[in-house]
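Trainee: Take this structure first; my questions come after.
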Amino acid sequence: MSIETTITVKSKFSNKFAGGYPLLFKDAILNPNDLQEEGTLIKVVDDTGRFLGKGYYGEQNKGSGWILTRKEDEAIDQGLFDRKIQAALDFRKAFFNDPNTTAFRVFNGEGDGIGGFTIDYFDGYYLINWYSEGIYKFKDYVLESLKQFVEYKAIYQKKRFDQKGQYIDEDDFVTGERGEFPILVKENGVNFAVYLNDGAMVGVFLDQRDVREAIHDQYSEGKTVLNTFSYTGAFSVFAALGGASKTTSIDLAKRSLSKTIEQFSINEIDYEAHDIRVMDVFNYFKYAKRNNLKFDMVILDPPSFARSKKHRFSVAKDYKDLIKEAISITEDQGTIVASTNYAGFDMSKFKQFIEQAFKEMNGSYKLMDEYSLPKDFKTIKAFPEGDYLKVAIIKKIKG
Ligand code: SAH
């Protein structure tokens with residue numbers, strides 16, 4: 001990989017890159033046609049020829065590549081990957097030493113110095129997510145570093161790039177001893193069933209660890225809990241173990257029923273004492289209102305975009321209305337956990353949606369707690385949009 005293309009960025013963005021912004025977004029590039037083959041090494045300069053950094057070309061929804069070093073004499077080679085991956089492993093030492101949590105992120109893309117891929121750890125198994133064809137060209141460097149620095153049962157991968165940025169279904173096994181799935185991993189002592197060879201989603205979203213802990217420790221005792229967009233029911237399991245009197249999990253996907261039963265069962269919770277429904281959340285809201293159902297806690301964790309038979313939902317346009325739905329079925333003095341992983345707005349904008357929703361319901365509330373990404377999802381100040389998770393825990397006073 002020695003081919004090198006020089007990319008010139010517009011002068012108005014020159015200082016942004018000089019300040020450490022790592023993403024080569026399309027708007028910034030003056031000569032995009034010089035980017036031909038993904039994985040090509042690039043040198044980034046401004047229109048006066050000032051050196052800004054070196055990186056690689058890779059097409060991702062977020063841009064056309066990532067800057068990996070701002071030192072002109074630092075080569076992008078095995079040594080660079082070794083240094084970044086070693087530093088990332090060191091940063092997670094406390095996680096590796098904690099027997100109660102055996103699932104966490106070990107490499108978080110640009111947060112750890114190389115945008116375009118992540119590595120997660122699941123009790124001895126490593127899972128690499130590749131977000132562009134370009135970074136995938138560096139696969140051997142990443143594998144070489146892992147082989148050198150960690151002991152693993154096996155390495156799996158997800159190639160999350162094709163023309164549509166969709167997940168490509170294929171054998172995800174890379175090397176080691178094939179696992180027998182599900183494997184059981186732990187998070188703060190709670191079990192998760194994880195499948196590394198069954199589609200893009202493995203059974204758990206690791207970035208909600210701190211929120212699950214808060215729900216378990218502070219908000220569940222004796223409460224009725226509605227978990228919307230529940231997927232495998234992770235929030236429900238933590239609520240149940242935290243003493244919730246009953247949880248109700250709602251997800252449209254058929255697989256969510258068996259996956260949620262499994263998640264309860266591996267934690268020795270009687271799933272029959274809980275409600276698990278495969279249905280559209282928006283229909284459930286109607287049903288709950290018709291039947292005067294109210295909950296002590298309502299959890300909202302929708303995907304950024306969702307389409308069902310009757311509804312088209314986008315976080316950017318519809319979150320305020322989603323909160324209004326939640327307000328109408330939450331008991332006074334109850335709790336709403338509002339979460340989104342949409343990177344298109346920040347926490348202050350998110351809080352405006354909450355403010356507006358209560359206003360339109362003539363309600364009042366108190367913001368109890370806020371969460372963003374946990375420590376293992378390392379982010380850098382120069383790239384604030386990398387800190388995508390926003391969670392607000394709200395006490396509904398009335399509404
Ligand atoms: N809260 C989950 C993750 C949610 S992932 C967790 O903590 O693990 C988003 C989920 O929303 C998916 O499982 C998807 O099936 C579900 N979903 C999308 N649109 C929906 C809708 N209209 N009604 C119910 N579930 C929906």
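Quick note on naming: the chains in the structure tokens go A, B, ... in the order shown, residues restart at 1 in each chain, and ligands are numbered from 1 in order of appearance.
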Using only C-alpha atoms and all ligand atoms, what are the residues with an atom within 6 Å of ligand 1, set out as a list in words?
Mentor: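 The residues near ligand 1 are Val204, Phe205, Phe229, Ser230, Tyr231, Thr232, Ala234, Phe235, Ile250, Asp251, Leu252, Ala253, Met279, Asp280, Val281, Asp301, Pro302, Pro303, Ala306 and Ser308 of chain A.
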Trainee: Could you dump the residues just selected with N, CA and C atoms as a PDB file, in the first residue's frame?
Mentor:
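File selection31.pdb, as written:
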ATOM      1  N   VAL A 204     -26.830  -7.735  21.556  1.00  0.00           N
ATOM      2  CA  VAL A 204     -26.727  -6.693  22.584  1.00  0.00           C
ATOM      3  C   VAL A 204     -26.042  -5.455  22.010  1.00  0.00           C
ATOM      4  N   PHE A 205     -26.511  -4.298  22.442  1.00  0.00           N
ATOM      5  CA  PHE A 205     -25.838  -3.041  22.098  1.00  0.00           C
ATOM      6  C   PHE A 205     -25.006  -2.613  23.304  1.00  0.00           C
ATOM      7  N   PHE A 229     -39.361  -0.655  21.503  1.00  0.00           N
ATOM      8  CA  PHE A 229     -38.239  -0.975  20.594  1.00  0.00           C
ATOM      9  C   PHE A 229     -37.246  -1.875  21.341  1.00  0.00           C
ATOM     10  N   SER A 230     -37.774  -2.943  21.898  1.00  0.00           N
ATOM     11  CA  SER A 230     -37.037  -3.667  22.952  1.00  0.00           C
ATOM     12  C   SER A 230     -35.976  -4.631  22.426  1.00  0.00           C
ATOM     13  N   TYR A 231     -36.014  -5.011  21.138  1.00  0.00           N
ATOM     14  CA  TYR A 231     -35.008  -5.909  20.537  1.00  0.00           C
ATOM     15  C   TYR A 231     -34.915  -7.203  21.350  1.00  0.00           C
ATOM     16  N   THR A 232     -33.803  -7.482  22.032  1.00  0.00           N
ATOM     17  CA  THR A 232     -33.715  -8.727  22.808  1.00  0.00           C
ATOM     18  C   THR A 232     -34.129  -8.523  24.270  1.00  0.00           C
ATOM     19  N   ALA A 234     -33.005  -6.271  26.542  1.00  0.00           N
ATOM     20  CA  ALA A 234     -31.923  -6.024  27.502  1.00  0.00           C
ATOM     21  C   ALA A 234     -32.358  -5.090  28.643  1.00  0.00           C
ATOM     22  N   PHE A 235     -33.040  -4.011  28.299  1.00  0.00           N
ATOM     23  CA  PHE A 235     -33.488  -3.093  29.369  1.00  0.00           C
ATOM     24  C   PHE A 235     -34.493  -3.792  30.292  1.00  0.00           C
ATOM     25  N   ILE A 250     -41.871  -4.440  23.866  1.00  0.00           N
ATOM     26  CA  ILE A 250     -42.568  -4.323  22.577  1.00  0.00           C
ATOM     27  C   ILE A 250     -41.560  -4.172  21.441  1.00  0.00           C
ATOM     28  N   ASP A 251     -41.632  -5.082  20.481  1.00  0.00           N
ATOM     29  CA  ASP A 251     -40.792  -4.942  19.282  1.00  0.00           C
ATOM     30  C   ASP A 251     -41.528  -5.575  18.111  1.00  0.00           C
ATOM     31  N   LEU A 252     -41.344  -4.963  16.979  1.00  0.00           N
ATOM     32  CA  LEU A 252     -42.013  -5.382  15.758  1.00  0.00           C
ATOM     33  C   LEU A 252     -41.425  -6.666  15.176  1.00  0.00           C
ATOM     34  N   ALA A 253     -40.156  -6.906  15.423  1.00  0.00           N
ATOM     35  CA  ALA A 253     -39.469  -8.029  14.765  1.00  0.00           C
ATOM     36  C   ALA A 253     -39.855  -9.348  15.424  1.00  0.00           C
ATOM     37  N   MET A 279     -45.175  -6.471  18.231  1.00  0.00           N
ATOM     38  CA  MET A 279     -46.113  -5.549  17.587  1.00  0.00           C
ATOM     39  C   MET A 279     -45.495  -4.178  17.371  1.00  0.00           C
ATOM     40  N   ASP A 280     -46.180  -3.384  16.564  1.00  0.00           N
ATOM     41  CA  ASP A 280     -45.734  -2.026  16.279  1.00  0.00           C
ATOM     42  C   ASP A 280     -45.928  -1.166  17.531  1.00  0.00           C
ATOM     43  N   VAL A 281     -44.877  -0.509  17.948  1.00  0.00           N
ATOM     44  CA  VAL A 281     -44.933   0.344  19.137  1.00  0.00           C
ATOM     45  C   VAL A 281     -46.074   1.366  19.038  1.00  0.00           C
ATOM     46  N   ASP A 301     -36.194   3.690  22.958  1.00  0.00           N
ATOM     47  CA  ASP A 301     -34.875   3.549  22.317  1.00  0.00           C
ATOM     48  C   ASP A 301     -35.049   3.136  20.859  1.00  0.00           C
ATOM     49  N   PRO A 302     -35.601   4.045  20.058  1.00  0.00           N
ATOM     50  CA  PRO A 302     -35.909   3.681  18.667  1.00  0.00           C
ATOM     51  C   PRO A 302     -34.674   3.694  17.771  1.00  0.00           C
ATOM     52  N   PRO A 303     -34.741   2.997  16.641  1.00  0.00           N
ATOM     53  CA  PRO A 303     -33.684   3.171  15.636  1.00  0.00           C
ATOM     54  C   PRO A 303     -33.808   4.567  15.032  1.00  0.00           C
ATOM     55  N   ALA A 306     -37.112   4.120  10.948  1.00  0.00           N
ATOM     56  CA  ALA A 306     -37.834   2.847  10.972  1.00  0.00           C
ATOM     57  C   ALA A 306     -39.048   2.967  10.082  1.00  0.00           C
ATOM     58  N   SER A 308     -42.587   0.767   9.272  1.00  0.00           N
ATOM     59  CA  SER A 308     -43.446  -0.400   9.437  1.00  0.00           C
ATOM     60  C   SER A 308     -44.602  -0.227   8.466  1.00  0.00           C
TER      61      SER A 308
END
Trainee: Tell me, as number ranges by chain, which residues lie within 8 Å of Glu213 in chain A, counting only C-alpha atoms; anything in the same chain fewer than 3 positions away does not count.
Mentor: A: 188, 209-210, 216-217, 238
Trainee: Can I get the selected residues back with C-alpha atoms, as a PDB file, in the first residue's frame?
Mentor:
ATOM      1  CA  ASN A 188     -22.201  -6.271  35.514  1.00  0.00           C
ATOM      2  CA  ARG A 209     -24.207  -0.496  29.568  1.00  0.00           C
ATOM      3  CA  ASP A 210     -24.241   2.525  31.912  1.00  0.00           C
ATOM      4  CA  HIS A 216     -31.187  -1.655  37.479  1.00  0.00           C
ATOM      5  CA  ASP A 217     -29.714   0.201  40.454  1.00  0.00           C
ATOM      6  CA  PHE A 238     -32.026  -5.258  33.910  1.00  0.00           C
TER       7      PHE A 238
END
Trainee: Have a look at A:Ile85, A:Ser304, A:Arg92, A:Arg290 and name the one nearest to Thr118 in chain A; count only C-alpha atoms.
Mentor: A:Ile85
Trainee: If you measure from CA of Lys320 in chain A to CA of Ala357 in chain A, what distance in Å do you get, rounded to one decimal?
Mentor: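 A separation of 5.4 Å between them.
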Trainee: Compare A:Thr6, A:Asn197, A:Ser14, A:Ser132 by their minimum atom-to-atom distance to Tyr156 in chain A, counting only C-alpha atoms, and give me the closest one.
Mentor: A:Asn197
Trainee: Would you please give, as a ChimeraX atom specification, all residues of range 52-213 of chain A that DSSP assigns to strand (DSSP E) based on the backbone?
Mentor: /A:52-60,63-69,103-108,117-122,125-130,154-159,173-176,183-187,190-194
Trainee: List as a VMD selection string the protein and nucleic acid residues near Val190 in chain A, meaning an atom at most 10 Å away when only C-alpha atoms are counted, but skip any in the same chain fewer than 4 places from it.
Mentor: chain A and resid 100 to 101 184 to 186 234 237 to 238 241 263 266 to 267
Trainee: For the residues selected in the previous step, produce a file with N, CA and C atoms as a compact mmCIF listing (two decimals), in the first residue's frame.
Mentor:
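In the end it all went to again-v6.txt:
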# COMPACT_ATOMS: atom_id res chain seq x y z
N ASN A 100 -16.92 -9.52 36.05
CA ASN A 100 -18.37 -9.33 35.96
C ASN A 100 -18.83 -8.74 34.64
N THR A 101 -17.89 -8.21 33.86
CA THR A 101 -18.24 -7.65 32.55
C THR A 101 -17.29 -8.23 31.52
N LEU A 184 -22.38 -17.15 26.09
CA LEU A 184 -22.92 -16.31 27.17
C LEU A 184 -21.83 -15.36 27.65
N VAL A 185 -22.15 -14.07 27.62
CA VAL A 185 -21.21 -13.08 28.15
C VAL A 185 -21.89 -12.39 29.33
N LYS A 186 -21.10 -11.64 30.08
CA LYS A 186 -21.66 -10.96 31.25
C LYS A 186 -21.51 -9.46 31.16
N ALA A 234 -33.01 -6.27 26.54
CA ALA A 234 -31.92 -6.02 27.50
C ALA A 234 -32.36 -5.09 28.64
N VAL A 237 -34.64 -6.97 31.07
CA VAL A 237 -33.93 -7.90 31.95
C VAL A 237 -33.29 -7.15 33.11
N PHE A 238 -32.65 -6.03 32.82
CA PHE A 238 -32.03 -5.26 33.91
C PHE A 238 -33.08 -4.68 34.85
N LEU A 241 -34.36 -7.60 37.01
CA LEU A 241 -33.37 -7.95 38.04
C LEU A 241 -33.23 -6.84 39.08
N GLN A 263 -33.22 -14.30 26.73
CA GLN A 263 -32.49 -13.36 27.61
C GLN A 263 -32.99 -13.44 29.06
N ILE A 266 -31.83 -17.11 30.54
CA ILE A 266 -30.43 -17.30 30.95
C ILE A 266 -30.10 -16.48 32.19
N ASN A 267 -31.02 -15.64 32.61
CA ASN A 267 -30.83 -14.92 33.88
C ASN A 267 -31.81 -15.41 34.96
Trainee: Neighbouring residues of range 325-340 of chain A were defined as those with any atom within 8 Å, considering only C-alpha atoms; residues of the same chain fewer than 2 positions away were excluded. Please report them as a compact mmCIF listing (two decimals) with C-alpha atoms, in the first residue's frame.
Mentor:
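As a result, out_29.txt now contains:
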# COMPACT_ATOMS: atom_id res chain seq x y z
CA TYR A 219 -35.09 3.24 38.82
CA PHE A 285 -49.49 3.26 22.36
CA ALA A 288 -52.52 1.38 26.01
CA LYS A 289 -54.41 4.65 25.78
CA ASN A 292 -56.04 3.32 30.28
CA LEU A 293 -52.78 1.50 30.87
CA LYS A 294 -50.10 3.49 32.62
CA PHE A 295 -46.55 2.62 33.56
CA ASP A 296 -44.12 3.79 36.24
CA MET A 297 -41.33 3.77 33.69
CA VAL A 298 -41.36 4.00 29.89
CA ILE A 299 -38.17 3.36 27.91
CA LEU A 300 -37.79 4.80 24.41
CA ASP A 301 -34.87 3.55 22.32
CA PRO A 302 -35.91 3.68 18.67
CA PRO A 303 -33.68 3.17 15.64
CA SER A 304 -32.80 6.42 13.85
CA VAL A 315 -35.73 10.39 15.03
CA ASP A 321 -44.12 13.05 19.20
CA LEU A 322 -42.68 9.83 20.54
CA ILE A 323 -42.03 11.55 23.87
CA TYR A 342 -28.81 9.52 16.01
CA PHE A 358 -43.95 18.48 27.73
CA MET A 361 -48.86 18.27 26.73
CA LEU A 389 -25.42 8.44 22.17
CA LYS A 390 -27.84 10.68 24.05
CA VAL A 391 -29.93 9.41 26.92
CA ALA A 392 -32.10 11.53 29.20
CA ILE A 393 -33.76 10.10 32.29
CA ILE A 394 -36.75 12.26 33.00
CA LYS A 395 -39.18 12.38 35.89
CA LYS A 396 -42.66 13.22 34.70
CA ILE A 397 -44.22 15.49 37.28
CA LYS A 398 -47.47 15.88 35.38
CA GLY A 399 -48.67 15.90 31.78
Trainee: When DSSP works through the backbone of this structure, what residues of range 103-269 of chain A end up as helix (DSSP H, G or I), shown as a VMD selection string?
Mentor: chain A and resid 109 to 112 133 to 136 139 to 149 206 to 219 234 to 241 255 to 265
Trainee: What is the distance, in Å and to one decimal place, between CA of Ile269 in chain A and CA of Leu206 in chain A?
Mentor: 21.3 Å
Trainee: Name all residues at most 8 Å from Val174 in chain A (count only C-alpha atoms; drop same-chain ones fewer than 6 positions away) and give them as number ranges by chain.
Mentor: A: 154-157
Trainee: Find the distance between CA of Ile29 in chain A and CA of Thr5 in chain A and write it in Å to one decimal.
Mentor: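 Pair CA of Ile29 in chain A / CA of Thr5 in chain A returns 12.6 Å.
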Trainee: For Tyr125 in chain A, which of A:Asp73, A:Glu4, A:Asp140, A:Glu180 is the closest residue, counting only C-alpha atoms?
Mentor: A:Glu180
Trainee: Point out the residue among A:Pro182, A:Gly386, A:Gly19, A:Gly65 with the least atom-to-atom distance to Glu262 in chain A, counting only C-alpha atoms.
Mentor: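 Checking each candidate against Glu262 in chain A, we get A:Pro182 as the closest.
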Trainee: Do you know which residues are at most 10 Å from Asp270 in chain A counting only C-alpha atoms, after dropping those on the same chain fewer than 5 positions away, and could you put them as a PyMOL selection string?
Mentor: chain A and resi 240+261+264-265
Trainee: Using only C-alpha atoms, which residue out of A:Asp98, A:Ser11, A:Asp77, A:Leu196 lies closest to Asn129 in chain A?
Mentor: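 Closest to Asn129 in chain A, using only C-alpha atoms: A:Leu196.
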Trainee: As an MDAnalysis selection string, please: the residues near Gly233 in chain A (cut-off 8 Å, only C-alpha atoms, same-chain neighbours under 4 positions excluded).
Mentor: chainID A and resid 227 237 249 256 259:260 263
